[in-house]
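For reference, the structure discussed in these notes is given below.
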Amino acid sequence: MTFTPTPEQVEVAADLIAFMLISDGILSSREVDALNQYRIPELIGLSHDDLLRAIARHCGHLLALKPNAESLRVVDVEQFERRLDRITDPQLQILIARALFVLAKSDGHITQPEQTLIRDMLTRWNLSLESVRA
């Protein structure tokens with residue numbers, strides 16, 4: 001799939017990837033490895049380092065919201081949906097959906113928070129599992 005996203009779309013895609021990577025509260029080395037193996041940063045128009053900076057920025061934003069909270073709300077569905085709504089190109093939606101699936105599965109299991117984000121994404125973008133299969 002050849003697609004050149006706009007800078008705004010790249011930023012939103014990076015945010016969506018960050019949401020998925022830390023949705024279960026753990027950024028596993030297998031998830032980071034999957035970023036490279038499947039060339040996810042390149043597919044969305046970022047370098048690996050720029051994507052990691054976007055993930056760090058996302059984590060910093062979460063911590064700034066509740067720096068002393070005993071339980072940090074890692075999955076903010078409303079914020080996730082706002083970003084989903086900013087991606088309107090069907091080709092980019094499928095590209096991002098595939099990337100999020102790969103990342104969710106990369107550590108061997110799809111956690112409940114990851115399932116929540118995937119279901120929300122599929123519903124919001126009116127996609128089926130079959131439509132995002134590579």
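Residue numbers start at 1 in each chain; chains themselves are named A, B, ... in the order of the structure tokens; ligands are numbered from 1 in the order shown.
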
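Using only C-alpha atoms, the residues found no farther than 8 Å from stretch 3-17 of chain A, other than those of its own chain fewer than 6 positions away, are A:Ile44, A:Gly45, A:Leu46, A:Leu51, A:Ala54, A:Ile55, A:His58, A:Phe80, A:Arg83, A:Leu84, A:Arg86, A:Ile87, A:Gln91, A:Leu92, A:Ile96, A:Ala99, A:Leu100.
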
Tell me which protein, DNA and RNA residues are within 10 Å of A:Ile22, counting only C-alpha atoms, leaving out same-chain ones fewer than 6 positions away, and put them as a ChimeraX atom specification. /A:28,31,55,58-59,74-75,104,113-114

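If only C-alpha atoms are the atoms counted, then among A:Ile110, A:Thr116, A:Asp89, A:Leu21 the closest residue to A:Asp33 is A:Leu21.
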
Taking only C-alpha atoms into account, which of A:Ile94, A:Asp76, A:Leu103, A:Leu122 comes nearest A:Tyr38? A:Leu103

Distance atom CA of A:Asp107-atom CA of A:Thr88, one decimal place? 29.0 Å

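Here atom CA of A:Glu78 and atom CA of A:Ala18 stand 14.8 Å from one another.
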
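One finds atom CA of A:Leu62 at 13.1 Å from atom CA of A:Val77.
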
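Between A:Ser29 and the residues A:Ser131, A:Asn126, A:Gln115, A:Ser106, the shortest atom-to-atom distance, using only C-alpha atoms, involves A:Ser106.
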
Determine which residues of chain A DSSP labels as alpha helix (DSSP H) from the backbone of this structure, then write them out as a PyMOL selection string. chain A and resi 7-22+29-37+40-44+48-65+77-86+90-105+112-124+129-132

Of the residues A:His61, A:Arg98, A:His48, A:Arg82, which is the one nearest to A:Leu127, using only C-alpha atoms? A:Arg98
